[in-house]
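Undergrad: What follows is my_file.cif, made up of mmCIF, N, CA and C atoms and all ligand atoms:
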```cif
data_protein
loop_
_atom_site.label_atom_id
_atom_site.label_comp_id
_atom_site.auth_asym_id
_atom_site.auth_seq_id
_atom_site.Cartn_x
_atom_site.Cartn_y
_atom_site.Cartn_z
N MET A 920 -15.95 -60.41 -23.60
CA MET A 920 -16.70 -59.18 -23.29
C MET A 920 -18.21 -59.44 -23.49
N ASP A 921 -19.00 -59.25 -22.43
CA ASP A 921 -20.44 -59.46 -22.58
C ASP A 921 -21.15 -58.16 -23.02
N ARG A 922 -22.46 -58.25 -23.12
CA ARG A 922 -23.22 -57.10 -23.64
C ARG A 922 -23.13 -55.87 -22.72
N LYS A 923 -23.05 -56.16 -21.39
CA LYS A 923 -22.97 -55.06 -20.43
C LYS A 923 -21.68 -54.26 -20.63
N ASP A 924 -20.57 -55.00 -20.80
CA ASP A 924 -19.28 -54.34 -21.05
C ASP A 924 -19.33 -53.51 -22.33
N GLU A 925 -19.93 -54.10 -23.37
CA GLU A 925 -20.05 -53.36 -24.63
C GLU A 925 -20.82 -52.07 -24.45
N ARG A 926 -21.92 -52.19 -23.69
CA ARG A 926 -22.75 -51.00 -23.46
C ARG A 926 -21.95 -49.92 -22.72
N LEU A 927 -21.25 -50.35 -21.66
CA LEU A 927 -20.45 -49.40 -20.88
C LEU A 927 -19.38 -48.74 -21.73
N LEU A 928 -18.73 -49.57 -22.57
CA LEU A 928 -17.69 -49.04 -23.43
C LEU A 928 -18.24 -48.00 -24.40
N SER A 929 -19.40 -48.33 -24.99
CA SER A 929 -19.96 -47.37 -25.96
C SER A 929 -20.43 -46.11 -25.25
N GLN A 930 -20.89 -46.25 -23.99
CA GLN A 930 -21.26 -45.04 -23.25
C GLN A 930 -20.04 -44.17 -23.01
N GLY A 931 -18.91 -44.84 -22.68
CA GLY A 931 -17.67 -44.09 -22.48
C GLY A 931 -17.28 -43.36 -23.75
N ALA A 932 -17.41 -44.07 -24.88
CA ALA A 932 -17.07 -43.45 -26.17
C ALA A 932 -18.01 -42.29 -26.46
N ASN A 933 -19.30 -42.49 -26.15
CA ASN A 933 -20.26 -41.40 -26.37
C ASN A 933 -19.90 -40.19 -25.53
N ALA A 934 -19.56 -40.43 -24.27
CA ALA A 934 -19.22 -39.31 -23.38
C ALA A 934 -17.99 -38.59 -23.91
N ARG A 935 -16.99 -39.36 -24.36
CA ARG A 935 -15.78 -38.73 -24.90
C ARG A 935 -16.10 -37.92 -26.15
N ASN A 936 -16.94 -38.51 -27.02
CA ASN A 936 -17.30 -37.78 -28.24
C ASN A 936 -18.10 -36.53 -27.94
N THR A 937 -19.01 -36.64 -26.96
CA THR A 937 -19.80 -35.47 -26.57
C THR A 937 -18.88 -34.37 -26.07
N ARG A 938 -17.94 -34.76 -25.18
CA ARG A 938 -16.99 -33.78 -24.64
C ARG A 938 -16.17 -33.14 -25.75
N ARG A 939 -15.70 -34.01 -26.68
CA ARG A 939 -14.90 -33.50 -27.80
C ARG A 939 -15.72 -32.52 -28.63
N TRP A 940 -16.97 -32.90 -28.95
CA TRP A 940 -17.83 -32.02 -29.74
C TRP A 940 -18.06 -30.71 -28.99
N TYR A 941 -18.30 -30.81 -27.68
CA TYR A 941 -18.58 -29.62 -26.88
C TYR A 941 -17.45 -28.61 -26.99
N TRP A 942 -16.21 -29.08 -26.80
CA TRP A 942 -15.09 -28.11 -26.82
C TRP A 942 -14.75 -27.66 -28.22
N ALA A 943 -15.01 -28.51 -29.23
CA ALA A 943 -14.74 -28.11 -30.61
C ALA A 943 -15.78 -27.09 -31.09
N ASN A 944 -16.99 -27.12 -30.47
CA ASN A 944 -18.07 -26.21 -30.88
C ASN A 944 -18.57 -25.41 -29.69
N HIS A 945 -17.63 -24.86 -28.95
CA HIS A 945 -17.97 -24.26 -27.66
C HIS A 945 -19.04 -23.18 -27.78
N ASP A 946 -18.86 -22.25 -28.72
CA ASP A 946 -19.83 -21.15 -28.86
C ASP A 946 -21.21 -21.68 -29.24
N ARG A 947 -21.20 -22.62 -30.18
CA ARG A 947 -22.46 -23.23 -30.62
C ARG A 947 -23.13 -23.97 -29.46
N ALA A 948 -22.33 -24.69 -28.65
CA ALA A 948 -22.87 -25.44 -27.52
C ALA A 948 -23.52 -24.48 -26.51
N LYS A 949 -22.85 -23.35 -26.27
CA LYS A 949 -23.40 -22.37 -25.33
C LYS A 949 -24.70 -21.78 -25.87
N GLU A 950 -24.69 -21.54 -27.19
CA GLU A 950 -25.88 -21.00 -27.85
C GLU A 950 -27.06 -21.97 -27.70
N LEU A 951 -26.79 -23.27 -27.93
CA LEU A 951 -27.84 -24.28 -27.81
C LEU A 951 -28.34 -24.38 -26.37
N LYS A 952 -27.41 -24.32 -25.42
CA LYS A 952 -27.78 -24.39 -24.01
C LYS A 952 -28.68 -23.20 -23.64
N ARG A 953 -28.28 -22.01 -24.12
CA ARG A 953 -29.06 -20.80 -23.85
C ARG A 953 -30.48 -20.94 -24.41
N ALA A 954 -30.57 -21.46 -25.64
CA ALA A 954 -31.89 -21.63 -26.28
C ALA A 954 -32.73 -22.64 -25.50
N ALA A 955 -32.08 -23.73 -25.04
CA ALA A 955 -32.80 -24.74 -24.27
C ALA A 955 -33.32 -24.15 -22.96
N MET A 956 -32.50 -23.32 -22.31
CA MET A 956 -32.94 -22.68 -21.06
C MET A 956 -34.10 -21.72 -21.31
N ARG A 957 -34.02 -21.01 -22.46
CA ARG A 957 -35.11 -20.09 -22.81
C ARG A 957 -36.41 -20.86 -22.98
N ARG A 958 -36.35 -22.02 -23.70
CA ARG A 958 -37.54 -22.86 -23.88
C ARG A 958 -38.04 -23.37 -22.54
N HIS A 959 -37.10 -23.78 -21.69
CA HIS A 959 -37.47 -24.30 -20.37
C HIS A 959 -38.18 -23.23 -19.54
N ARG A 960 -37.63 -22.00 -19.54
CA ARG A 960 -38.23 -20.92 -18.75
C ARG A 960 -39.59 -20.52 -19.30
N ALA A 961 -39.76 -20.64 -20.65
CA ALA A 961 -41.01 -20.23 -21.28
C ALA A 961 -42.17 -21.15 -20.87
N LYS A 962 -41.85 -22.37 -20.42
CA LYS A 962 -42.90 -23.30 -20.01
C LYS A 962 -43.57 -22.84 -18.72
N ASP A 963 -42.81 -22.14 -17.89
CA ASP A 963 -43.34 -21.75 -16.59
C ASP A 963 -42.79 -20.37 -16.20
N PRO A 964 -43.16 -19.34 -16.98
CA PRO A 964 -42.51 -18.04 -16.82
C PRO A 964 -42.66 -17.44 -15.43
N GLU A 965 -43.82 -17.63 -14.81
CA GLU A 965 -44.06 -16.97 -13.52
C GLU A 965 -43.10 -17.53 -12.45
N VAL A 966 -42.92 -18.84 -12.46
CA VAL A 966 -42.01 -19.47 -11.50
C VAL A 966 -40.59 -18.91 -11.68
N HIS A 967 -40.17 -18.77 -12.95
CA HIS A 967 -38.80 -18.33 -13.20
C HIS A 967 -38.62 -16.85 -12.92
N ARG A 968 -39.68 -16.06 -13.17
CA ARG A 968 -39.62 -14.63 -12.82
C ARG A 968 -39.46 -14.49 -11.30
N ALA A 969 -40.24 -15.27 -10.55
CA ALA A 969 -40.18 -15.20 -9.09
C ALA A 969 -38.79 -15.62 -8.59
N ARG A 970 -38.23 -16.66 -9.23
CA ARG A 970 -36.90 -17.14 -8.87
C ARG A 970 -35.86 -16.05 -9.10
N GLY A 971 -35.98 -15.36 -10.24
CA GLY A 971 -35.05 -14.29 -10.56
C GLY A 971 -35.15 -13.14 -9.57
N ARG A 972 -36.39 -12.79 -9.22
CA ARG A 972 -36.62 -11.72 -8.24
C ARG A 972 -35.95 -12.08 -6.92
N LYS A 973 -36.14 -13.31 -6.51
CA LYS A 973 -35.57 -13.78 -5.24
C LYS A 973 -34.05 -13.73 -5.27
N ALA A 974 -33.49 -14.15 -6.41
CA ALA A 974 -32.02 -14.17 -6.54
C ALA A 974 -31.47 -12.74 -6.48
N ARG A 975 -32.16 -11.80 -7.18
CA ARG A 975 -31.72 -10.41 -7.15
C ARG A 975 -31.82 -9.84 -5.74
N GLU A 976 -32.88 -10.22 -5.04
CA GLU A 976 -33.09 -9.74 -3.67
C GLU A 976 -31.98 -10.26 -2.75
N ARG A 977 -31.63 -11.55 -2.92
CA ARG A 977 -30.55 -12.13 -2.11
C ARG A 977 -29.22 -11.44 -2.39
N GLN A 978 -28.99 -11.13 -3.68
CA GLN A 978 -27.75 -10.48 -4.06
C GLN A 978 -27.68 -9.08 -3.43
N ARG A 979 -28.81 -8.38 -3.45
CA ARG A 979 -28.87 -7.05 -2.87
C ARG A 979 -28.66 -7.10 -1.36
N ASP A 980 -29.26 -8.11 -0.71
CA ASP A 980 -29.05 -8.31 0.73
C ASP A 980 -27.56 -8.45 1.04
N ALA A 981 -26.89 -9.31 0.26
CA ALA A 981 -25.46 -9.56 0.48
C ALA A 981 -24.66 -8.28 0.28
N LEU A 982 -25.03 -7.53 -0.76
CA LEU A 982 -24.33 -6.29 -1.09
C LEU A 982 -24.43 -5.28 0.05
N LEU A 983 -25.66 -5.09 0.56
CA LEU A 983 -25.86 -4.11 1.62
C LEU A 983 -25.25 -4.60 2.94
N MET A 984 -25.24 -5.92 3.13
CA MET A 984 -24.61 -6.48 4.32
C MET A 984 -23.12 -6.14 4.32
N LEU A 985 -22.49 -6.25 3.14
CA LEU A 985 -21.05 -6.02 3.03
C LEU A 985 -20.68 -4.54 3.07
N TYR A 986 -21.45 -3.73 2.33
CA TYR A 986 -21.04 -2.33 2.14
C TYR A 986 -21.83 -1.35 3.01
N GLY A 987 -22.71 -1.88 3.87
CA GLY A 987 -23.43 -1.02 4.81
C GLY A 987 -24.89 -0.87 4.44
N GLN A 988 -25.73 -0.79 5.46
CA GLN A 988 -27.19 -0.74 5.27
C GLN A 988 -27.70 0.69 5.19
N SER A 989 -26.77 1.66 5.19
CA SER A 989 -27.20 3.05 5.08
C SER A 989 -26.16 3.85 4.31
N CYS A 990 -26.59 5.02 3.81
CA CYS A 990 -25.71 5.89 3.03
C CYS A 990 -24.52 6.33 3.87
N VAL A 991 -23.29 6.19 3.34
CA VAL A 991 -22.11 6.55 4.12
C VAL A 991 -21.96 8.06 4.27
N LEU A 992 -22.66 8.85 3.46
CA LEU A 992 -22.53 10.30 3.55
C LEU A 992 -23.59 10.93 4.45
N CYS A 993 -24.85 10.48 4.35
CA CYS A 993 -25.92 11.15 5.12
C CYS A 993 -26.66 10.20 6.08
N GLY A 994 -26.41 8.91 5.99
CA GLY A 994 -27.03 7.99 6.93
C GLY A 994 -28.42 7.51 6.54
N PHE A 995 -28.93 7.97 5.40
CA PHE A 995 -30.25 7.53 4.93
C PHE A 995 -30.27 6.01 4.83
N SER A 996 -31.36 5.36 5.32
CA SER A 996 -31.32 3.90 5.39
C SER A 996 -32.51 3.19 4.74
N ASP A 997 -33.36 3.91 4.01
CA ASP A 997 -34.44 3.24 3.28
C ASP A 997 -33.82 2.48 2.10
N ARG A 998 -33.80 1.14 2.21
CA ARG A 998 -33.03 0.36 1.23
C ARG A 998 -33.53 0.49 -0.20
N ARG A 999 -34.76 0.96 -0.37
CA ARG A 999 -35.27 1.13 -1.73
C ARG A 999 -34.47 2.18 -2.49
N ALA A 1000 -33.84 3.12 -1.76
CA ALA A 1000 -33.10 4.20 -2.42
C ALA A 1000 -31.59 4.07 -2.25
N LEU A 1001 -31.13 2.90 -1.76
CA LEU A 1001 -29.69 2.73 -1.58
C LEU A 1001 -29.06 2.14 -2.84
N THR A 1002 -27.85 2.60 -3.14
CA THR A 1002 -27.16 2.15 -4.34
C THR A 1002 -25.70 1.82 -4.03
N LEU A 1003 -25.08 1.08 -4.93
CA LEU A 1003 -23.66 0.81 -4.82
C LEU A 1003 -22.94 1.89 -5.61
N ASP A 1004 -22.11 2.68 -4.91
CA ASP A 1004 -21.40 3.77 -5.58
C ASP A 1004 -19.98 3.33 -5.94
N HIS A 1005 -19.55 3.69 -7.16
CA HIS A 1005 -18.17 3.46 -7.56
C HIS A 1005 -17.36 4.67 -7.11
N ILE A 1006 -16.52 4.49 -6.10
CA ILE A 1006 -15.79 5.61 -5.52
C ILE A 1006 -14.91 6.28 -6.59
N LYS A 1007 -14.33 5.48 -7.49
CA LYS A 1007 -13.43 6.03 -8.51
C LYS A 1007 -14.18 6.48 -9.77
N ARG A 1008 -15.49 6.50 -9.71
CA ARG A 1008 -16.34 7.00 -10.80
C ARG A 1008 -16.16 6.25 -12.12
N ASP A 1009 -15.89 4.96 -12.03
CA ASP A 1009 -15.74 4.18 -13.25
C ASP A 1009 -16.94 3.24 -13.42
N GLY A 1010 -18.05 3.60 -12.80
CA GLY A 1010 -19.23 2.74 -12.82
C GLY A 1010 -19.76 2.49 -14.21
N MET A 1011 -19.75 3.53 -15.06
CA MET A 1011 -20.35 3.37 -16.38
C MET A 1011 -19.59 2.35 -17.21
N SER A 1012 -18.25 2.44 -17.20
CA SER A 1012 -17.47 1.49 -18.01
C SER A 1012 -17.54 0.08 -17.41
N GLU A 1013 -17.58 0.00 -16.08
CA GLU A 1013 -17.65 -1.33 -15.47
C GLU A 1013 -18.99 -1.98 -15.76
N ARG A 1014 -20.07 -1.19 -15.67
CA ARG A 1014 -21.40 -1.73 -15.98
C ARG A 1014 -21.49 -2.18 -17.43
N ALA A 1015 -20.83 -1.40 -18.32
CA ALA A 1015 -20.85 -1.77 -19.74
C ALA A 1015 -20.12 -3.09 -19.95
N ALA A 1016 -19.05 -3.31 -19.18
CA ALA A 1016 -18.26 -4.53 -19.36
C ALA A 1016 -18.90 -5.74 -18.69
N LEU A 1017 -19.44 -5.56 -17.50
CA LEU A 1017 -19.90 -6.71 -16.71
C LEU A 1017 -21.42 -6.81 -16.60
N GLY A 1018 -22.13 -5.73 -16.90
CA GLY A 1018 -23.56 -5.70 -16.66
C GLY A 1018 -23.81 -5.39 -15.19
N GLU A 1019 -25.01 -4.93 -14.86
CA GLU A 1019 -25.27 -4.50 -13.50
C GLU A 1019 -25.08 -5.64 -12.50
N ARG A 1020 -25.65 -6.81 -12.84
CA ARG A 1020 -25.53 -7.94 -11.92
C ARG A 1020 -24.10 -8.44 -11.85
N GLY A 1021 -23.35 -8.30 -12.94
CA GLY A 1021 -21.95 -8.68 -12.95
C GLY A 1021 -21.14 -7.80 -12.01
N VAL A 1022 -21.46 -6.51 -11.99
CA VAL A 1022 -20.79 -5.58 -11.08
C VAL A 1022 -21.10 -5.98 -9.64
N TYR A 1023 -22.36 -6.27 -9.36
CA TYR A 1023 -22.76 -6.67 -8.00
C TYR A 1023 -22.03 -7.94 -7.61
N ARG A 1024 -22.00 -8.92 -8.55
CA ARG A 1024 -21.33 -10.19 -8.26
C ARG A 1024 -19.87 -9.95 -7.89
N LYS A 1025 -19.20 -9.11 -8.69
CA LYS A 1025 -17.79 -8.81 -8.44
C LYS A 1025 -17.61 -8.11 -7.09
N ALA A 1026 -18.49 -7.14 -6.82
CA ALA A 1026 -18.39 -6.38 -5.56
C ALA A 1026 -18.57 -7.30 -4.36
N ILE A 1027 -19.41 -8.32 -4.50
CA ILE A 1027 -19.63 -9.27 -3.40
C ILE A 1027 -18.44 -10.23 -3.29
N LEU A 1028 -18.02 -10.80 -4.42
CA LEU A 1028 -16.94 -11.79 -4.39
C LEU A 1028 -15.62 -11.20 -3.91
N GLU A 1029 -15.32 -9.99 -4.38
CA GLU A 1029 -14.00 -9.43 -4.09
C GLU A 1029 -13.99 -8.55 -2.85
N PHE A 1030 -15.17 -8.10 -2.39
CA PHE A 1030 -15.31 -7.15 -1.29
C PHE A 1030 -14.22 -6.08 -1.32
N ARG A 1031 -14.48 -5.00 -2.06
CA ARG A 1031 -13.50 -3.94 -2.22
C ARG A 1031 -14.06 -2.61 -1.71
N PRO A 1032 -13.98 -2.39 -0.37
CA PRO A 1032 -14.47 -1.11 0.17
C PRO A 1032 -13.66 0.09 -0.34
N ASP A 1033 -12.50 -0.19 -0.96
CA ASP A 1033 -11.74 0.91 -1.55
C ASP A 1033 -12.33 1.33 -2.90
N LEU A 1034 -13.15 0.46 -3.51
CA LEU A 1034 -13.74 0.77 -4.81
C LEU A 1034 -15.24 1.08 -4.72
N TYR A 1035 -15.93 0.45 -3.77
CA TYR A 1035 -17.38 0.59 -3.69
C TYR A 1035 -17.81 1.06 -2.31
N ARG A 1036 -18.94 1.77 -2.26
CA ARG A 1036 -19.55 2.16 -0.99
C ARG A 1036 -21.05 2.28 -1.21
N THR A 1037 -21.80 2.27 -0.11
CA THR A 1037 -23.24 2.45 -0.19
C THR A 1037 -23.57 3.94 -0.15
N LEU A 1038 -24.33 4.39 -1.14
CA LEU A 1038 -24.82 5.77 -1.14
C LEU A 1038 -26.32 5.74 -1.41
N CYS A 1039 -27.02 6.77 -0.90
CA CYS A 1039 -28.42 6.91 -1.28
C CYS A 1039 -28.47 7.61 -2.64
N MET A 1040 -29.59 7.56 -3.31
CA MET A 1040 -29.70 8.16 -4.64
C MET A 1040 -29.41 9.66 -4.60
N ASN A 1041 -29.86 10.35 -3.52
CA ASN A 1041 -29.59 11.79 -3.43
C ASN A 1041 -28.10 12.07 -3.43
N CYS A 1042 -27.37 11.41 -2.54
CA CYS A 1042 -25.93 11.65 -2.46
C CYS A 1042 -25.24 11.19 -3.74
N GLN A 1043 -25.74 10.12 -4.33
CA GLN A 1043 -25.21 9.63 -5.60
C GLN A 1043 -25.28 10.74 -6.67
N PHE A 1044 -26.44 11.39 -6.78
CA PHE A 1044 -26.60 12.45 -7.79
C PHE A 1044 -25.79 13.68 -7.43
N VAL A 1045 -25.74 14.02 -6.13
CA VAL A 1045 -24.98 15.20 -5.70
C VAL A 1045 -23.50 15.00 -6.02
N THR A 1046 -22.93 13.83 -5.66
CA THR A 1046 -21.49 13.62 -5.91
C THR A 1046 -21.21 13.53 -7.42
N ARG A 1047 -22.19 13.03 -8.16
CA ARG A 1047 -22.01 12.91 -9.61
C ARG A 1047 -21.90 14.28 -10.27
N SER A 1048 -22.63 15.26 -9.71
CA SER A 1048 -22.63 16.59 -10.35
C SER A 1048 -21.43 17.43 -9.93
N GLN A 1049 -20.68 16.95 -8.93
CA GLN A 1049 -19.47 17.70 -8.54
C GLN A 1049 -18.36 17.44 -9.56
N PRO A 1050 -17.51 18.46 -9.78
CA PRO A 1050 -16.46 18.29 -10.78
C PRO A 1050 -15.43 17.21 -10.40
ZN ZN B 1101 -27.04 9.97 1.31
#
```
Would you mind writing the file's structure down as structure tokens?
Ligand SMILES: [Zn+2]
TA:
Amino acid sequence: MDRKDERLLSQGANARNTRRWYWANHDRAKELKRAAMRRHRAKDPEVHRARGRKARERQRDALLMLYGQSCVLCGFSDRRALTLDHIKRDGMSERAALGERGVYRKAILEFRPDLYRTLCMNCQFVTRSQP
């Protein structure tokens, strides 16, 4: 076995040990990764803010593409006032469980027109106040 083989072998061992440590300390590993990402984003906050804005905009585009570009009740189409409505009125608990972006992600991935629809803020408030 020459030096190159030894190096490759030790790299393999390192990779195995890293993997083993990762799964044995999963929560800690995620915590460290989150902290590293926070430090990384702090170096160039404006770039990362812009990236986040763009990602949210793309997600909203996909959402409105799937569930309609206008309110299903009144036809209002100014996208600044369009929202994703939970037809079964379980939006609050779902948002608490998944977060707003998590709800959007799920609505896009699963495409459930039986659960979600596009409403404008006016219709959203009007239907919310009905018994
Ligand atoms: Zn409406």
Undergrad: Mind dumping a table of every chain A residue within 6 Å of ligand ZN 1101 (chain B), with the nearest atom pair and its distance in Å to one decimal, using only N, CA and C atoms and all ligand atoms, sorted by chain and rising number, as CSV?
TA:
```
residue,atom,partner,partner_atom,distance
A:Cys990,CA,B:ZN1101,ZN,4.6
A:Val991,N,B:ZN1101,ZN,5.7
A:Leu992,C,B:ZN1101,ZN,4.8
A:Cys993,N,B:ZN1101,ZN,3.8
A:Gly994,N,B:ZN1101,ZN,4.8
A:Phe995,N,B:ZN1101,ZN,4.9
A:Leu1038,C,B:ZN1101,ZN,5.1
A:Cys1039,N,B:ZN1101,ZN,3.9
A:Met1040,N,B:ZN1101,ZN,5.8
A:Asn1041,C,B:ZN1101,ZN,5.3
A:Cys1042,N,B:ZN1101,ZN,4.1
A:Gln1043,N,B:ZN1101,ZN,5.8
```
Undergrad: To test your reading of the structure, identify every residue in chain A that backbone DSSP assigns to strand (DSSP E or B), and report it as a PDB file with N, CA and C atoms, keeping the file's coordinate frame.
TA:
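The resulting file, result.pdb, is reproduced below:
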```
ATOM      1  N   LEU A1001     -31.130   2.900  -1.760  1.00  0.00           N
ATOM      2  CA  LEU A1001     -29.690   2.730  -1.580  1.00  0.00           C
ATOM      3  C   LEU A1001     -29.060   2.140  -2.840  1.00  0.00           C
ATOM      4  N   THR A1002     -27.850   2.600  -3.140  1.00  0.00           N
ATOM      5  CA  THR A1002     -27.160   2.150  -4.340  1.00  0.00           C
ATOM      6  C   THR A1002     -25.700   1.820  -4.030  1.00  0.00           C
ATOM      7  N   LEU A1003     -25.080   1.080  -4.930  1.00  0.00           N
ATOM      8  CA  LEU A1003     -23.660   0.810  -4.820  1.00  0.00           C
ATOM      9  C   LEU A1003     -22.940   1.890  -5.610  1.00  0.00           C
ATOM     10  N   ASP A1004     -22.110   2.680  -4.910  1.00  0.00           N
ATOM     11  CA  ASP A1004     -21.400   3.770  -5.580  1.00  0.00           C
ATOM     12  C   ASP A1004     -19.980   3.330  -5.940  1.00  0.00           C
ATOM     13  N   HIS A1005     -19.550   3.690  -7.160  1.00  0.00           N
ATOM     14  CA  HIS A1005     -18.170   3.460  -7.560  1.00  0.00           C
ATOM     15  C   HIS A1005     -17.360   4.670  -7.110  1.00  0.00           C
ATOM     16  N   TYR A1035     -15.930   0.450  -3.770  1.00  0.00           N
ATOM     17  CA  TYR A1035     -17.380   0.590  -3.690  1.00  0.00           C
ATOM     18  C   TYR A1035     -17.810   1.060  -2.310  1.00  0.00           C
ATOM     19  N   ARG A1036     -18.940   1.770  -2.260  1.00  0.00           N
ATOM     20  CA  ARG A1036     -19.550   2.160  -0.990  1.00  0.00           C
ATOM     21  C   ARG A1036     -21.050   2.280  -1.210  1.00  0.00           C
ATOM     22  N   THR A1037     -21.800   2.270  -0.110  1.00  0.00           N
ATOM     23  CA  THR A1037     -23.240   2.450  -0.190  1.00  0.00           C
ATOM     24  C   THR A1037     -23.570   3.940  -0.150  1.00  0.00           C
ATOM     25  N   LEU A1038     -24.330   4.390  -1.140  1.00  0.00           N
ATOM     26  CA  LEU A1038     -24.820   5.770  -1.140  1.00  0.00           C
ATOM     27  C   LEU A1038     -26.320   5.740  -1.410  1.00  0.00           C
ATOM     28  N   CYS A1039     -27.020   6.770  -0.900  1.00  0.00           N
ATOM     29  CA  CYS A1039     -28.420   6.910  -1.280  1.00  0.00           C
ATOM     30  C   CYS A1039     -28.470   7.610  -2.640  1.00  0.00           C
TER      31      CYS A1039
END
```
Undergrad: With DSSP run on the backbone, what are the helix (DSSP H, G or I) residues within chain A? I'd like them as an MDAnalysis selection string.
TA: chainID A and resid 922:943 945:962 964:986 998:1000 1010:1017 1019:1029 1040:1048
Undergrad: Sort by chain and increasing residue number a table of all residues of segment 920-1005 of chain A within 10 Å of segment 1018-1034 of chain A, each with its closest pair of atoms and their distance in Å to one decimal, counting only C-alpha atoms, and write it as a tab-separated table.
TA:
```
residue	atom	partner	partner_atom	distance
A:Arg975	CA	A:Arg1020	CA	8.2
A:Gln978	CA	A:Tyr1023	CA	7.4
A:Arg979	CA	A:Tyr1023	CA	8.0
A:Ala981	CA	A:Ile1027	CA	7.0
A:Leu982	CA	A:Ile1027	CA	6.0
A:Leu983	CA	A:Ile1027	CA	9.5
A:Met984	CA	A:Ile1027	CA	9.6
A:Leu985	CA	A:Phe1030	CA	7.3
A:Tyr986	CA	A:Pro1032	CA	7.0
A:Leu1003	CA	A:Tyr1023	CA	8.2
A:Asp1004	CA	A:Leu1034	CA	8.3
A:His1005	CA	A:Leu1034	CA	5.9
```
Undergrad: Would you mind exporting N, CA and C atoms of the selected residues as a PDB file, in the coordinates of the input?
TA:
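Contents of the output file out.pdb:
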```
ATOM      1  N   ARG A 975     -32.160 -11.800  -7.180  1.00  0.00           N
ATOM      2  CA  ARG A 975     -31.720 -10.410  -7.150  1.00  0.00           C
ATOM      3  C   ARG A 975     -31.820  -9.840  -5.740  1.00  0.00           C
ATOM      4  N   GLN A 978     -28.990 -11.130  -3.680  1.00  0.00           N
ATOM      5  CA  GLN A 978     -27.750 -10.480  -4.060  1.00  0.00           C
ATOM      6  C   GLN A 978     -27.680  -9.080  -3.430  1.00  0.00           C
ATOM      7  N   ARG A 979     -28.810  -8.380  -3.450  1.00  0.00           N
ATOM      8  CA  ARG A 979     -28.870  -7.050  -2.870  1.00  0.00           C
ATOM      9  C   ARG A 979     -28.660  -7.100  -1.360  1.00  0.00           C
ATOM     10  N   ALA A 981     -26.890  -9.310   0.260  1.00  0.00           N
ATOM     11  CA  ALA A 981     -25.460  -9.560   0.480  1.00  0.00           C
ATOM     12  C   ALA A 981     -24.660  -8.280   0.280  1.00  0.00           C
ATOM     13  N   LEU A 982     -25.030  -7.530  -0.760  1.00  0.00           N
ATOM     14  CA  LEU A 982     -24.330  -6.290  -1.090  1.00  0.00           C
ATOM     15  C   LEU A 982     -24.430  -5.280   0.050  1.00  0.00           C
ATOM     16  N   LEU A 983     -25.660  -5.090   0.560  1.00  0.00           N
ATOM     17  CA  LEU A 983     -25.860  -4.110   1.620  1.00  0.00           C
ATOM     18  C   LEU A 983     -25.250  -4.600   2.940  1.00  0.00           C
ATOM     19  N   MET A 984     -25.240  -5.920   3.130  1.00  0.00           N
ATOM     20  CA  MET A 984     -24.610  -6.480   4.320  1.00  0.00           C
ATOM     21  C   MET A 984     -23.120  -6.140   4.320  1.00  0.00           C
ATOM     22  N   LEU A 985     -22.490  -6.250   3.140  1.00  0.00           N
ATOM     23  CA  LEU A 985     -21.050  -6.020   3.030  1.00  0.00           C
ATOM     24  C   LEU A 985     -20.680  -4.540   3.070  1.00  0.00           C
ATOM     25  N   TYR A 986     -21.450  -3.730   2.330  1.00  0.00           N
ATOM     26  CA  TYR A 986     -21.040  -2.330   2.140  1.00  0.00           C
ATOM     27  C   TYR A 986     -21.830  -1.350   3.010  1.00  0.00           C
ATOM     28  N   LEU A1003     -25.080   1.080  -4.930  1.00  0.00           N
ATOM     29  CA  LEU A1003     -23.660   0.810  -4.820  1.00  0.00           C
ATOM     30  C   LEU A1003     -22.940   1.890  -5.610  1.00  0.00           C
ATOM     31  N   ASP A1004     -22.110   2.680  -4.910  1.00  0.00           N
ATOM     32  CA  ASP A1004     -21.400   3.770  -5.580  1.00  0.00           C
ATOM     33  C   ASP A1004     -19.980   3.330  -5.940  1.00  0.00           C
ATOM     34  N   HIS A1005     -19.550   3.690  -7.160  1.00  0.00           N
ATOM     35  CA  HIS A1005     -18.170   3.460  -7.560  1.00  0.00           C
ATOM     36  C   HIS A1005     -17.360   4.670  -7.110  1.00  0.00           C
TER      37      HIS A1005
END
```
Undergrad: Hey, can you check how far atom CA of Gln988 of chain A sits from atom CA of Ala1000 of chain A?
TA: 10.9 Å
Undergrad: Give me, please, the distance in Å between atom CA of Gly971 of chain A and atom C of Ser996 of chain A, quoted to one decimal.
TA: 23.4 Å
Undergrad: For atom N of Arg935 of chain A and atom CA of Lys952 of chain A, quote the distance in Å rounded to one decimal.
TA: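 Answer for the atom N of Arg935 of chain A to atom CA of Lys952 of chain A separation: 18.5 Å.
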Undergrad: Please define a box with edges along x, y and z of the file around all atoms of segment 1036-1041 of chain A given in the file, extend it by 3 Å on each side, and return its centre and edge lengths in Å to one decimal, as AutoDock Vina command-line options.
TA:
```
--center_x -24.4 --center_y 6.9 --center_z -2.4 --size_x 16.9 --size_y 16.3 --size_z 10.5
```
